[in-house]
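The file protein_22.txt contains compact mmCIF, C-alpha atoms:
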# COMPACT_ATOMS: atom_id res chain seq x y z
CA MET A 1 140.11 232.92 72.84
CA SER A 2 141.61 236.37 72.48
CA ASP A 3 144.38 236.94 75.03
CA SER A 4 143.00 240.46 75.60
CA ILE A 5 139.59 239.25 76.83
CA LYS A 6 139.77 238.32 80.51
CA THR A 7 136.41 239.56 81.83
CA ILE A 8 133.13 240.27 80.09
CA GLY A 9 130.02 242.02 81.29
CA ILE A 10 126.39 241.33 80.47
CA LEU A 11 123.37 243.60 80.68
CA THR A 12 119.74 243.69 79.58
CA SER A 13 118.34 246.95 78.30
CA GLY A 14 115.02 248.40 77.20
CA GLY A 15 111.84 246.38 77.47
CA ASP A 16 112.12 242.95 79.07
CA ALA A 17 111.36 239.86 77.00
CA PRO A 18 110.79 236.19 77.91
CA GLY A 19 113.96 234.25 77.18
CA MET A 20 116.37 236.94 78.37
CA ASN A 21 117.25 234.78 81.37
CA ALA A 22 118.03 231.85 79.09
CA ALA A 23 120.40 234.11 77.15
CA ILE A 24 122.04 235.40 80.34
CA ARG A 25 122.55 231.84 81.55
CA ALA A 26 124.13 230.79 78.26
CA VAL A 27 126.47 233.80 78.08
CA VAL A 28 127.67 233.23 81.63
CA ARG A 29 128.25 229.50 81.36
CA LYS A 30 129.83 229.59 77.89
CA ALA A 31 132.17 232.41 78.88
CA LEU A 32 133.20 230.57 82.07
CA ALA A 33 133.79 227.43 80.00
CA ASN A 34 136.07 229.55 77.81
CA GLY A 35 138.07 230.60 80.88
CA VAL A 36 136.67 234.13 80.98
CA GLN A 37 135.22 235.81 84.06
CA VAL A 38 131.73 237.33 83.91
CA ARG A 39 130.22 240.34 85.62
CA GLY A 40 126.52 241.11 85.60
CA ILE A 41 125.43 244.71 85.20
CA LYS A 42 122.08 245.43 86.83
CA ARG A 43 119.37 247.71 85.39
CA GLY A 44 120.95 248.16 81.95
CA TYR A 45 122.98 251.21 81.05
CA GLN A 46 121.57 253.04 84.06
CA GLY A 47 123.06 250.38 86.30
CA LEU A 48 126.36 250.58 84.43
CA LEU A 49 126.62 254.31 85.14
CA ALA A 50 125.70 253.65 88.78
CA GLU A 51 128.32 250.86 88.93
CA GLU A 52 125.77 248.21 89.92
CA ILE A 53 128.11 245.42 88.91
CA VAL A 54 128.28 241.93 90.42
CA ASP A 55 130.43 238.86 89.81
CA MET A 56 128.60 235.94 88.21
CA ASP A 57 129.35 232.22 88.29
CA TYR A 58 127.61 228.97 87.40
CA HIS A 59 125.46 229.19 90.52
CA SER A 60 124.36 232.74 89.69
CA VAL A 61 122.36 231.47 86.73
CA SER A 62 120.97 228.25 88.20
CA ASP A 63 117.21 227.72 87.91
CA ILE A 64 116.53 230.81 85.80
CA ILE A 65 115.97 229.39 82.30
CA GLN A 66 112.24 228.93 82.96
CA ARG A 67 111.70 232.40 84.42
CA GLY A 68 110.28 235.34 82.52
CA GLY A 69 111.73 238.83 82.71
CA THR A 70 115.41 239.35 83.46
CA ILE A 71 117.27 238.60 86.68
CA LEU A 72 119.59 241.52 85.96
CA GLY A 73 116.73 243.99 85.70
CA THR A 74 116.36 246.58 82.97
CA ALA A 75 115.80 250.30 82.62
CA ARG A 76 115.95 253.08 80.08
CA CYS A 77 118.72 255.63 80.52
CA LYS A 78 118.65 259.13 79.01
CA GLU A 79 122.12 259.92 80.29
CA PHE A 80 123.60 257.14 78.19
CA THR A 81 122.33 258.81 75.01
CA THR A 82 124.85 261.61 75.59
CA GLU A 83 128.53 261.55 74.69
CA GLU A 84 129.43 262.24 78.31
CA GLY A 85 127.34 259.32 79.54
CA GLN A 86 128.81 256.97 76.96
CA GLN A 87 132.37 257.95 77.85
CA LYS A 88 131.56 257.50 81.53
CA GLY A 89 130.17 254.03 80.82
CA ALA A 90 133.31 253.00 78.95
CA ASP A 91 135.51 254.33 81.77
CA ILE A 92 133.50 252.37 84.34
CA CYS A 93 133.96 249.21 82.29
CA ARG A 94 137.72 249.71 82.33
CA LYS A 95 137.63 250.51 86.05
CA HIS A 96 135.99 247.14 86.73
CA GLY A 97 138.25 245.26 84.34
CA ILE A 98 135.48 244.58 81.83
CA ASP A 99 137.00 244.05 78.38
CA GLY A 100 133.73 243.48 76.55
CA ILE A 101 129.95 243.50 77.06
CA VAL A 102 127.05 241.44 75.77
CA VAL A 103 123.98 243.67 75.46
CA ILE A 104 120.56 242.02 75.25
CA GLY A 105 117.84 244.31 73.94
CA GLY A 106 116.36 246.06 70.92
CA ASP A 107 117.66 248.61 68.45
CA GLY A 108 117.95 251.35 71.09
CA SER A 109 120.14 249.03 73.15
CA TYR A 110 122.27 248.40 70.06
CA ARG A 111 122.95 252.11 69.72
CA GLY A 112 124.32 252.06 73.25
CA ALA A 113 126.46 249.05 72.38
CA LEU A 114 127.73 250.84 69.29
CA ALA A 115 128.71 253.83 71.43
CA LEU A 116 130.65 251.62 73.87
CA SER A 117 132.43 250.00 70.95
CA LYS A 118 133.52 253.40 69.66
CA HIS A 119 134.92 254.11 73.12
CA GLY A 120 137.07 250.98 73.06
CA ILE A 121 134.84 248.40 74.77
CA ASN A 122 134.18 245.27 72.73
CA THR A 123 130.41 244.81 72.37
CA ILE A 124 128.07 242.12 71.08
CA GLY A 125 124.32 242.63 70.80
CA LEU A 126 121.62 240.00 71.24
CA PRO A 127 118.11 240.70 69.83
CA GLY A 128 115.87 240.76 72.90
CA THR A 129 112.47 242.21 72.00
CA ILE A 130 108.93 240.87 71.69
CA ASP A 131 108.34 243.20 68.71
CA LEU A 132 110.29 241.15 66.11
CA ASP A 133 111.32 244.48 64.57
CA ILE A 134 115.09 244.01 64.20
CA ALA A 135 115.78 243.80 60.49
CA CYS A 136 118.91 241.65 60.48
CA THR A 137 117.26 238.66 62.13
CA ASP A 138 114.22 236.47 61.48
CA TYR A 139 113.91 235.79 65.23
CA THR A 140 114.06 237.96 68.34
CA ILE A 141 114.16 236.67 71.89
CA GLY A 142 110.71 236.84 73.45
CA PHE A 143 108.52 237.08 70.36
CA ASP A 144 107.44 233.45 70.38
CA THR A 145 106.33 233.59 74.01
CA ALA A 146 104.60 236.95 73.59
CA VAL A 147 102.67 235.91 70.50
CA ASN A 148 101.52 232.68 72.17
CA THR A 149 100.47 234.59 75.31
CA ALA A 150 98.48 237.03 73.19
CA MET A 151 96.95 234.24 71.09
CA ASP A 152 95.73 232.44 74.20
CA ALA A 153 94.22 235.64 75.64
CA ILE A 154 92.48 236.48 72.38
CA ASP A 155 90.96 232.99 72.23
CA LYS A 156 89.42 233.63 75.65
CA VAL A 157 88.06 237.04 74.69
CA ARG A 158 86.65 235.59 71.50
CA ASP A 159 84.66 233.02 73.48
CA THR A 160 82.81 235.71 75.42
CA SER A 161 82.52 237.93 72.36
CA SER A 162 80.82 235.11 70.51
CA SER A 163 78.48 234.43 73.43
CA HIS A 164 77.35 238.05 73.53
CA GLU A 165 77.40 238.57 69.76
CA ARG A 166 79.77 241.50 70.10
CA VAL A 167 82.43 243.21 68.11
CA SER A 168 85.74 242.87 69.98
CA ILE A 169 88.79 245.01 69.35
CA ILE A 170 91.87 243.49 70.95
CA GLU A 171 95.02 245.58 71.05
CA VAL A 172 98.37 243.82 71.14
CA MET A 173 101.85 245.22 71.70
CA GLY A 174 104.60 245.63 69.12
CA ARG A 175 105.44 249.32 69.31
CA ASN A 176 105.52 250.53 65.67
CA ALA A 177 105.71 247.04 64.20
CA GLY A 178 102.73 244.88 63.29
CA TYR A 179 104.19 241.37 63.62
CA LEU A 180 102.40 240.46 66.85
CA ALA A 181 99.11 241.71 65.44
CA LEU A 182 99.53 239.95 62.11
CA TRP A 183 100.49 236.61 63.65
CA CYS A 184 97.68 236.77 66.20
CA GLY A 185 95.19 237.95 63.60
CA VAL A 186 95.87 234.90 61.45
CA ALA A 187 96.20 232.45 64.35
CA ASN A 188 93.03 233.68 66.06
CA GLY A 189 90.95 233.94 62.89
CA ALA A 190 90.36 237.69 63.13
CA GLU A 191 87.99 239.34 60.67
CA ASP A 192 90.14 242.49 60.57
CA ILE A 193 93.85 242.94 61.32
CA LEU A 194 95.12 246.50 61.74
CA ILE A 195 98.89 246.98 61.47
CA PRO A 196 100.88 250.22 61.04
CA GLU A 197 102.63 248.97 57.91
CA LYS A 198 99.37 248.44 55.98
CA TYR A 199 96.43 250.20 57.64
CA ASP A 200 94.96 253.07 55.61
CA TYR A 201 92.85 254.41 58.53
CA ASN A 202 89.67 253.80 56.53
CA GLU A 203 87.46 253.04 59.51
CA GLN A 204 84.36 253.10 57.34
CA GLN A 205 85.64 249.99 55.55
CA ILE A 206 85.82 248.15 58.89
CA ILE A 207 82.28 249.28 59.71
CA ASN A 208 81.05 248.08 56.30
CA ASN A 209 82.78 244.75 56.85
CA ILE A 210 81.07 244.29 60.22
CA ILE A 211 77.64 245.14 58.80
CA ASN A 212 78.06 242.93 55.72
CA ASN A 213 79.23 239.97 57.81
CA ARG A 214 76.27 240.41 60.18
CA LYS A 215 73.91 240.33 57.18
CA LYS A 216 75.57 237.06 56.08
CA GLY A 217 74.85 235.55 59.46
CA LYS A 218 78.09 236.12 61.35
CA THR A 219 77.16 236.95 64.93
CA HIS A 220 80.50 238.27 66.23
CA HIS A 221 83.48 240.14 64.81
CA LEU A 222 87.10 240.13 65.97
CA ILE A 223 89.51 242.96 65.21
CA VAL A 224 93.17 242.61 66.21
CA ASN A 225 94.68 246.06 66.49
CA ALA A 226 98.40 246.82 66.71
CA GLU A 227 99.81 249.10 69.41
CA GLY A 228 101.27 251.33 66.69
CA ILE A 229 97.72 252.23 65.65
CA GLY A 230 96.19 252.18 69.13
CA HIS A 231 93.13 254.18 70.24
CA SER A 232 91.16 250.94 70.55
CA THR A 233 88.70 252.29 73.14
CA SER A 234 87.67 255.32 71.08
CA MET A 235 87.53 253.14 67.97
CA ALA A 236 85.14 250.80 69.77
CA ARG A 237 82.85 253.68 70.68
CA ARG A 238 82.74 254.91 67.07
CA ILE A 239 82.06 251.43 65.68
CA GLU A 240 79.26 250.82 68.16
CA ALA A 241 77.67 254.17 67.30
CA ALA A 242 77.89 253.44 63.57
CA THR A 243 76.71 249.82 63.63
CA GLY A 244 74.44 249.63 66.65
CA ILE A 245 76.33 246.48 67.66
CA GLU A 246 77.83 246.23 71.15
CA THR A 247 81.58 246.78 70.76
CA ARG A 248 84.26 246.30 73.41
CA ALA A 249 87.99 247.05 73.44
CA THR A 250 90.51 244.92 75.30
CA ILE A 251 94.11 246.11 75.61
CA LEU A 252 96.31 243.16 76.53
CA GLY A 253 99.23 245.35 77.60
CA TYR A 254 102.22 244.17 79.60
CA MET A 255 100.95 240.66 80.22
CA GLN A 256 102.53 239.93 76.82
CA ARG A 257 106.00 240.63 78.21
CA GLY A 258 105.71 238.24 81.13
CA GLY A 259 105.41 234.54 81.71
CA SER A 260 107.60 231.49 81.37
CA PRO A 261 109.31 231.44 77.95
CA THR A 262 108.37 228.86 75.35
CA CYS A 263 110.73 226.06 74.34
CA LYS A 264 111.68 228.00 71.21
CA ASP A 265 112.57 231.13 73.18
CA ARG A 266 114.61 229.10 75.67
CA TYR A 267 116.45 227.16 72.99
CA TYR A 268 117.18 229.98 70.55
CA ALA A 269 118.13 232.40 73.33
CA SER A 270 120.52 229.78 74.75
CA ILE A 271 122.25 229.20 71.42
CA MET A 272 122.44 232.92 70.71
CA GLY A 273 123.87 233.60 74.17
CA ALA A 274 126.55 230.98 73.74
CA TYR A 275 127.35 232.31 70.26
CA ALA A 276 127.68 235.85 71.63
CA ALA A 277 130.05 234.71 74.38
CA ASP A 278 132.20 232.84 71.86
CA ILE A 279 132.63 235.67 69.39
CA LEU A 280 133.26 238.17 72.19
CA CYS A 281 135.93 235.89 73.63
CA GLU A 282 137.46 235.71 70.15
CA GLY A 283 137.92 239.47 70.28
CA LYS A 284 135.09 240.47 67.94
CA THR A 285 133.31 243.74 68.59
CA ASN A 286 130.48 245.90 67.27
CA ARG A 287 128.49 242.81 66.23
CA VAL A 288 124.85 241.73 66.49
CA VAL A 289 123.86 238.07 66.71
CA GLY A 290 120.87 237.01 64.63
CA ARG A 291 119.17 234.05 63.03
CA ARG A 292 118.54 234.08 59.31
CA ASP A 293 117.67 231.29 56.87
CA GLY A 294 117.97 228.71 59.64
CA LYS A 295 121.47 229.73 60.74
CA PHE A 296 122.89 231.72 63.65
CA LEU A 297 125.01 234.57 62.30
CA ASP A 298 126.53 237.87 63.37
CA PHE A 299 126.32 241.26 61.67
CA ASP A 300 128.03 244.62 62.01
CA ILE A 301 125.90 246.81 64.31
CA ASP A 302 126.03 249.78 61.92
CA GLU A 303 124.84 247.60 59.07
CA ALA A 304 122.16 245.99 61.24
CA LEU A 305 120.75 249.36 62.31
CA ALA A 306 120.67 250.53 58.67
CA MET A 307 118.66 247.52 57.48
CA GLN A 308 114.94 247.91 56.79
CA LYS A 309 112.27 245.37 57.68
CA ASP A 310 108.72 245.22 56.43
CA ILE A 311 105.71 242.95 56.57
CA SER A 312 105.61 240.33 53.80
CA GLU A 313 103.07 241.44 51.21
CA TYR A 314 102.19 237.82 50.49
CA GLU A 315 101.59 237.00 54.15
CA TYR A 316 99.44 240.11 54.56
CA GLN A 317 97.34 239.27 51.51
CA VAL A 318 96.88 235.72 52.80
CA SER A 319 95.68 237.13 56.13
CA ARG A 320 92.99 239.11 54.31
CA ILE A 321 91.84 236.15 52.24
CA LEU A 322 91.61 233.89 55.28
CA ALA A 323 89.45 236.48 57.06
CA THR A 324 86.86 236.42 54.26
CA TYR A 325 83.45 235.28 55.50
CA ASN A 326 80.48 233.91 53.60
CA ALA A 327 77.17 232.38 54.57
CA VAL A 328 78.47 228.81 54.64
CA GLY A 329 81.56 229.15 56.82
CA LYS A 330 84.38 231.27 58.16
Exercise: express the given structure as structure tokens:
Amino acid sequence: MSDSIKTIGILTSGGDAPGMNAAIRAVVRKALANGVQVRGIKRGYQGLLAEEIVDMDYHSVSDIIQRGGTILGTARCKEFTTEEGQQKGADICRKHGIDGIVVIGGDGSYRGALALSKHGINTIGLPGTIDLDIACTDYTIGFDTAVNTAMDAIDKVRDTSSSHERVSIIEVMGRNAGYLALWCGVANGAEDILIPEKYDYNEQQIINNIINNRKKGKTHHLIVNAEGIGHSTSMARRIEAATGIETRATILGYMQRGGSPTCKDRYYASIMGAYAADILCEGKTNRVVGRRDGKFLDFDIDEALAMQKDISEYEYQVSRILATYNAVGK
């Protein structure tokens, strides 16, 4: 343990994700085991600037691993995007004796962590986002729970869609990334999967696909649409007008953020949280924890933010082949 690290802070920022509480629990207990005090910062960077800071101990994180959301709360903070806000945040950390901070969130949260690091506060980032859109890591906290929640909901909608012989457009979250849509599209057996990385906005092709499948005997049609494309309701109206087939849009929305985290999200978030506490206690700063090729690693925040991530072309092509329908099966 670095002699300079006596107290660390922890905050959650941006959108909440299932598994954040498991990460908080692990950071707190691993840091305490290392002989380091922990302070929780409520409501993200906004709470930091408002000095909403509380001491945390083993009891503070009891019975939270199974809970969705974040016990620390989260918020977005425009003030912290300014140089003045960032300097104020660093000064508040020093005022409260906080030598370093673990930040759990997405790429926007990492930019805040990077700013604190430049102002002399050791920072470690943990990838907490259901979007799976952080390039340095194959896993982000919350994705597994969110994709399973969405998959279960889509199964239910598909049942009623099949009963009524409808076209169903189901919109999933993911911001500008299509991972939730791609995974659900494959797992739910969708006939069309629309993701920002690949969609050419050729709506006529979707209409042709629906009509051709109906001629082959398929009585319902499932389209999984990514949030980054959106406009599911107006798309449904256009498809119904063009095909004459009843078409309904369902936007799953924020239900995908909630719920008890899966085993994978609890386990990976716990290991990542412990890892973050360890490297912060060692005196490391400006790092992001990730999982790649089956290993837990850490990366420079600048390098992590510069990395690019895209949908696997092979996986996308497989999704299209699996959606192919003929008269003898699906």
- request: Return the single residue from A:Cys136, A:Ile5, A:Leu126, A:Ile271 that is closest to Arg94 (chain A), with distances computed using all atoms listed in the file.
  value: A:Ile5
Where's the centre, and what are the edge lengths in Å to one decimal, of a box along x, y and z enclosing all listed atoms of region 92-104 of chain A padded 6 Å per side, as AutoDock Vina command-line options?
--center_x 129.4 --center_y 246.9 --center_z 81.0 --size_x 29.7 --size_y 22.9 --size_z 23.5
task: Please indicate the distance in Å from CA of Ala31 (chain A) to CA of Gly258 (chain A), rounded to one decimal place.
output: 27.2 Å
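You can rank A:Arg214, A:Arg237, A:Arg111, A:Arg320 by their closest distance to Arg287 (chain A) using only C-alpha atoms, and at the top of that list sits A:Arg111.
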Dump as JSON lines the rows for residues of region 202-279 of chain A within 10 Å of region 60-72 of chain A: closest atom pair and distance in Å with one decimal, all atoms listed in the file counted, ordered by chain and rising residue number.
{"residue": "A:Arg257", "atom": "CA", "partner": "A:Gly69", "partner_atom": "CA", "distance": 7.5}
{"residue": "A:Gly258", "atom": "CA", "partner": "A:Gly68", "partner_atom": "CA", "distance": 5.6}
{"residue": "A:Gly259", "atom": "CA", "partner": "A:Gly68", "partner_atom": "CA", "distance": 5.0}
{"residue": "A:Ser260", "atom": "CA", "partner": "A:Gly68", "partner_atom": "CA", "distance": 4.8}
{"residue": "A:Pro261", "atom": "CA", "partner": "A:Gly68", "partner_atom": "CA", "distance": 6.1}
{"residue": "A:Thr262", "atom": "CA", "partner": "A:Gln66", "partner_atom": "CA", "distance": 8.5}
{"residue": "A:Cys263", "atom": "CA", "partner": "A:Gln66", "partner_atom": "CA", "distance": 9.2}
{"residue": "A:Asp265", "atom": "CA", "partner": "A:Ile65", "partner_atom": "CA", "distance": 9.9}
{"residue": "A:Arg266", "atom": "CA", "partner": "A:Ile65", "partner_atom": "CA", "distance": 6.8}
{"residue": "A:Tyr267", "atom": "CA", "partner": "A:Ile65", "partner_atom": "CA", "distance": 9.6}
{"residue": "A:Ala269", "atom": "CA", "partner": "A:Ile65", "partner_atom": "CA", "distance": 9.7}
{"residue": "A:Ser270", "atom": "CA", "partner": "A:Ile65", "partner_atom": "CA", "distance": 8.8}
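In this model, the gap between CA of Val38 (chain A) and CA of Asp55 (chain A) comes to 6.2 Å.
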field: For His221 (chain A): contacts at 10 Å, only C-alpha atoms, fewer than 5 positions along chain excluded, given as a list in words
entry: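 That gives Arg158, Ser161, Ser162, Glu165, Arg166, Val167, Ser168, Ile169, Gly189, Ala190, Glu191, Asp192, Asn209, Ile210, Ile211, Asn213, Arg214, Ile245 and Thr247 of chain A.
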message: Quick check, in Å to one decimal: how far apart do CA of Asn148 (chain A) and CA of Asn176 (chain A) lie?
response: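 So the answer is 19.4 Å.
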task: Find the residues near Ala33 (chain A): any atom within 12 Å, counting all atoms listed in the file, skip ones fewer than 3 places away on the same chain, and give them as a ChimeraX atom specification.
output: /A:1,26-30,36-38,57-58,274,277-278,281
message: Residues within 10 Å of Tyr45 (chain A), please, as JSON, numbers by chain. Count only C-alpha atoms; anything in the same chain fewer than 6 positions from it doesn't count.
response: {"A": [11, 12, 13, 14, 51, 52, 74, 75, 76, 77, 78, 79, 80, 81, 85, 86, 89, 103, 109, 112, 113]}
